[in-house]
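Chemist: Provided herewith is a single structure, encoded as structure tokens, for subsequent inquiry.
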There are 2 protein chains.
Amino acid sequence: MSSITEVARRAGVSIATASRVVAEVDYPVSPATRARVLEAARALDYVPNALARGLQKSRIPVVGVIVHDITDPYFSEVVRGVEDAAAKGGYLVITCSSDRDPRREASYVRLLRSMRASAVIFAGSGIDDPELTEELARHFAGLRANGGAVVHLSPYADGTPEVGVQNEDGAAAMIDALVQMGHHQIAYLAAPRQLFFARERLAGYRRGMKAAGLEVDERLVVHRGLDAAAGVKGVDALLDGGMGFTALFCSTDLVALGAMRRLRELGISVPGQVSVAGFDDISFAEMTSPRLSTVRLPMRELGARGFAHAVNLMAGKTLMAETLPHEVVLRDSTAPPPHTPARS
Amino acid sequence: MSSITEVARRAGVSIATASRVVAEVDYPVSPATRARVLEAARALDYVPNALARGLQKSRIPVVGVIVHDITDPYFSEVVRGVEDAAAKGGYLVITCSSDRDPRREASYVRLLRSMRASAVIFAGSGIDDPELTEELARHFAGLRANGGAVVHLSPYADGTPEVGVQNEDGAAAMIDALVQMGHHQIAYLAAPRQLFFARERLAGYRRGMKAAGLEVDERLVVHRGLDAAAGVKGVDALLDGGMGFTALFCSTDLVALGAMRRLRELGISVPGQVSVAGFDDISFAEMTSPRLSTVRLPMRELGARGFAHAVNLMAGKTLMAETLPHEVVLRDSTAPPPHTPARS
DNA sequence: CTGAAAGCGCTTACAG
DNA sequence: CTGAAAGCGCTTACAG
């Protein structure tokens, strides 16, 4: 692999001059010299060494994205948003699936720091873990010391995200939509309490119920995980509880898919007996039968805005936090309640 | 951000010695010295500069994965497989969604080369594009010149994948399963011909039909894209064609989901009137209603094996190509055919 | 417009 | 076991 030294030699110029043309810096070089350098670079199949360049700049055009799991559609959409925005600026993106494990997360961020990544974007929700929070704070300081940026797309231990979504408002809005349809007994499949975004969505559920003058029956709020399996377990727990409910609002679409599947297995019709709603609007939400009603979040845009925010931060700008809008999407999994509520 | 120079000074040793302990190289350092260096590193929150290290080694512990689209479950699963295997070795993974655009793909590979990535893994199928093939060949040479590895997980222009899956056998096996159920009129929703893996799956369909003594009616083979929308369009095309068919085999699960959705819209029952089968076994295949029958591919393992292969290649080993097995998974979307075939 | 040279932060023969 | 020094491939004041 040829270096700039060889390009310079072949073009008959100094490496300083060669560097100035191949690096496309804004520095005067005569057209003839430029052409000679370009020709030499082409002939030698010269590809600049980004490590050497990064060593100089103490930063490499790479951004890391910390996600829960890249196979979760919410995160793959966000990553795609980051990727497309990043590609336009010549940045590459590193995906880190932490499985919400504090140790994995810390280890990834450390690796990203060692690579002198330009930015690290936290796509997933923060975890309420003091030790992790403290270690991350150190890494953030280090990253920033090199001119790097740190951006959160979800609430976290130390504060509000730089670019966020309307978790609470979205949840409240869906409850409102359900109430408008005539539902009063609305169960909620909540996510683990340690996750900050889960707290917001739960708060939205409560706020929506309160706004409708409805009392929250705590037995109708069950906390489980965030995947389809959690939806299955959640439905079972709710049914075991023996409480009647005509609608089931789930923390995420994935949970809702699991819940729908379980209800179907049990012979409970959706939305005939129970309406089901999700959150996120992943692409599969409209491929199910019935198609899932949900709260749409602009996931791709979230990623793109997150990257843009990071770039602005690196440029030294002071920025306000921004929040992207939600949209309640009513499809076929929700309908007015039947006369007799579902029972176990 | 402190460098090894500061660590060395604080520990009262040379940078050579400091380097030897923090880099964990196999080189004798007295226990006392080692402890002093480690303590200094800790106190200074020292994080080694991977760029400087990579500049020396002409390679950085990062592997790039070229995918069609990270939001496609097939690819996110493969990437996750790579990620987990890579994390164990201290490697980071860069995701590149090329949308199967030769220009994007070439541009990503060039960036990866400029970063001196240790390996690039092509998760998606090769594209039959001579210009791209030629440019890639140059990049591969460059990558290898630095001791890097190139691994394909799908057939490509220049040959068979280093780690592959049974596209043809899997397709033939599903046809066999369908034939066993009693189907004779089996339509195939094929993928674009430029994609090498698509050719293999189509060949499997033909081989399966032939093995069953069935003639392939070319009007029952329609070529469309690879997403859910292609499934919708494919069903319409087949129905417009007016040919009867009792089973519909699709190039991928995503296509099958779209096809099932369209059939449902048209009031055609699955599997009552038409059986539908997919390929891949993405996690959503069992969340649909009816649950999708499909040919399971070990996607995560494919990613993991791909990474392992790359590591072995970097270690200078000569390796044989390996093929991972498929498994026909029969769920609820397939059943014996009705007496009257579906008609438009 | 062009170039010589220092320096980014490491690793690794080489000498002791 | 320890260290001085060269070198990886660039960028960028600085001088001309």
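Lettering and numbering for the structure tokens are positional, with chains as A, B, ... in the shown order, residues counted from 1 in each chain, and ligands counted from 1 in the shown order.
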List the spatial neighbours of segment 146-160 of chain B as a PyMOL selection string - criterion: any atom at most 7 Å away, only C-alpha atoms (C1' of nucleotides), same-chain residues fewer than 2 positions off excluded.
Modeler: chain B and resi 58-59+118-128+133+140+142-144+162-164+196-197+306+310+313-314
Chemist: Could you write out that same residue set with C-alpha atoms as a tab-separated table (two decimals), in the first residue's frame?
Modeler:
chain	number	residue	atom	x	y	z
B	58	SER	CA	-0.83	-0.64	9.74
B	59	ARG	CA	-4.12	-2.02	10.96
B	118	SER	CA	-8.55	-5.35	9.84
B	119	ALA	CA	-11.25	-7.02	7.83
B	120	VAL	CA	-14.21	-6.37	5.66
B	121	ILE	CA	-17.03	-8.83	5.65
B	122	PHE	CA	-19.55	-8.81	2.85
B	123	ALA	CA	-22.78	-9.98	4.41
B	124	GLY	CA	-24.97	-9.39	1.41
B	125	SER	CA	-24.96	-10.91	-1.95
B	126	GLY	CA	-22.59	-9.70	-4.56
B	127	ILE	CA	-23.94	-7.54	-7.34
B	128	ASP	CA	-23.21	-8.48	-10.91
B	133	THR	CA	-16.04	-5.82	-9.21
B	140	PHE	CA	-9.05	-6.14	-1.65
B	142	GLY	CA	-4.79	-3.05	-0.68
B	143	LEU	CA	-6.53	-4.46	2.37
B	144	ARG	CA	-4.59	-7.70	2.12
B	162	GLU	CA	-15.63	-18.16	2.36
B	163	VAL	CA	-18.54	-18.86	4.69
B	164	GLY	CA	-21.83	-19.56	3.00
B	196	PHE	CA	-26.05	-13.98	-7.01
B	197	PHE	CA	-27.82	-15.46	-4.01
B	306	GLY	CA	-17.42	-14.93	9.21
B	310	ALA	CA	-11.35	-13.32	9.09
B	313	LEU	CA	-7.05	-15.39	7.61
B	314	MET	CA	-5.18	-12.60	9.40
Chemist: Report as JSON lines the residues of chain A within 7 Å of chain B, each with its shortest atom pair and distance in Å (one decimal), using only C-alpha atoms, ordered by chain and increasing residue number.
Modeler:
{"residue": "A:Met1", "atom": "CA", "partner": "B:Gly142", "partner_atom": "CA", "distance": 5.7}
{"residue": "A:Val47", "atom": "CA", "partner": "B:Ser114", "partner_atom": "CA", "distance": 5.7}
{"residue": "A:Pro48", "atom": "CA", "partner": "B:Ser114", "partner_atom": "CA", "distance": 5.6}
{"residue": "A:Asn49", "atom": "CA", "partner": "B:Ser114", "partner_atom": "CA", "distance": 5.1}
{"residue": "A:Ala50", "atom": "CA", "partner": "B:Met115", "partner_atom": "CA", "distance": 4.9}
{"residue": "A:Leu51", "atom": "CA", "partner": "B:Leu51", "partner_atom": "CA", "distance": 5.1}
{"residue": "A:Ala52", "atom": "CA", "partner": "B:Leu55", "partner_atom": "CA", "distance": 6.0}
{"residue": "A:Gly54", "atom": "CA", "partner": "B:Leu51", "partner_atom": "CA", "distance": 6.7}
{"residue": "A:Leu55", "atom": "CA", "partner": "B:Leu51", "partner_atom": "CA", "distance": 5.7}
{"residue": "A:Ile70", "atom": "CA", "partner": "B:Ser76", "partner_atom": "CA", "distance": 6.0}
{"residue": "A:Thr71", "atom": "CA", "partner": "B:Ser76", "partner_atom": "CA", "distance": 5.0}
{"residue": "A:Pro73", "atom": "CA", "partner": "B:Thr71", "partner_atom": "CA", "distance": 6.4}
{"residue": "A:Ser76", "atom": "CA", "partner": "B:Thr71", "partner_atom": "CA", "distance": 5.0}
{"residue": "A:Glu77", "atom": "CA", "partner": "B:Thr71", "partner_atom": "CA", "distance": 5.7}
{"residue": "A:Arg80", "atom": "CA", "partner": "B:Ile70", "partner_atom": "CA", "distance": 6.5}
{"residue": "A:Leu92", "atom": "CA", "partner": "B:Ile94", "partner_atom": "CA", "distance": 6.8}
{"residue": "A:Val93", "atom": "CA", "partner": "B:Ile94", "partner_atom": "CA", "distance": 5.5}
{"residue": "A:Ile94", "atom": "CA", "partner": "B:Ile94", "partner_atom": "CA", "distance": 4.2}
{"residue": "A:Thr95", "atom": "CA", "partner": "B:Val93", "partner_atom": "CA", "distance": 6.2}
{"residue": "A:Ser114", "atom": "CA", "partner": "B:Asn49", "partner_atom": "CA", "distance": 5.1}
{"residue": "A:Met115", "atom": "CA", "partner": "B:Ala50", "partner_atom": "CA", "distance": 4.9}
{"residue": "A:Gly142", "atom": "CA", "partner": "B:Met1", "partner_atom": "CA", "distance": 5.7}
{"residue": "A:Ala145", "atom": "CA", "partner": "B:Met1", "partner_atom": "CA", "distance": 6.2}
{"residue": "A:Leu257", "atom": "CA", "partner": "B:Met287", "partner_atom": "CA", "distance": 6.6}
{"residue": "A:Arg261", "atom": "CA", "partner": "B:Met287", "partner_atom": "CA", "distance": 6.4}
{"residue": "A:Met287", "atom": "CA", "partner": "B:Arg261", "partner_atom": "CA", "distance": 6.4}
{"residue": "A:Thr288", "atom": "CA", "partner": "B:Thr288", "partner_atom": "CA", "distance": 5.6}
{"residue": "A:Ser289", "atom": "CA", "partner": "B:Ser289", "partner_atom": "CA", "distance": 5.9}
Chemist: Check every residue of chain C for an atom within 9 Å of chain B, counting only C-alpha atoms (C1' of nucleotides), and provide those that qualify as a PyMOL selection string.
Modeler: chain C and resi 8-12
Chemist: From the DSSP assignment of the backbone, select every residue of segment 207-291 of chain A that is strand (DSSP E or B), and format the answer as a list in words.
Modeler: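 Everything in segment 207-291 of chain A that counts as strand (DSSP E or B) is Val221, Val222, His223, Phe245, Ala247, Leu248, Phe249, Cys250, Ser275, Val276, Ala277, Gly278, Phe279 and Asp280 of chain A.
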Chemist: Please list as an MDAnalysis selection string every residue within 12 Å of DA15 of chain C, counting only C-alpha atoms (C1' of nucleotides) and excluding residues in the same chain fewer than 2 positions away.
Modeler: (chainID C and resid 13) or (chainID D and resid 2:5)
Chemist: Output as a PyMOL selection string all residues of segment 91-319 of chain A that backbone DSSP marks as alpha helix (DSSP H).
Modeler: chain A and resi 102-114+130-145+167-181+196-211+228-241+253-265+299-314
Chemist: Quick one: distance from atom CA of Leu44 of chain A to atom C1' of DG7 of chain C in Å, one decimal?
Modeler: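 Going from atom CA of Leu44 of chain A over to atom C1' of DG7 of chain C covers 26.9 Å.
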Chemist: Near Val274 of chain A, counting only C-alpha atoms (C1' of nucleotides), which residues have an atom at most 12 Å away, once you skip same-chain residues fewer than 6 positions from it, shown as a count of residues only?
Modeler: 35
Chemist: Find the distance between atom CA of Ala41 of chain A and atom C1' of DG16 of chain D and write it in Å to one decimal.
Modeler: 27.1 Å
Chemist: How many Å separate atom CA of Asp129 of chain B from atom CA of Ala321 of chain B?
Modeler: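 Rounded to one decimal, the two atoms are 23.5 Å apart.
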Chemist: When you look at Asp169 of chain B with a cut-off of 10 Å (counting only C-alpha atoms (C1' of nucleotides)), what residues show up, excluding the ones that are within fewer than 4 positions of it in the same chain? I need them as a ChimeraX atom specification.
Modeler: /B:165,173-175,200-201,203-205,207-208,295,325-327
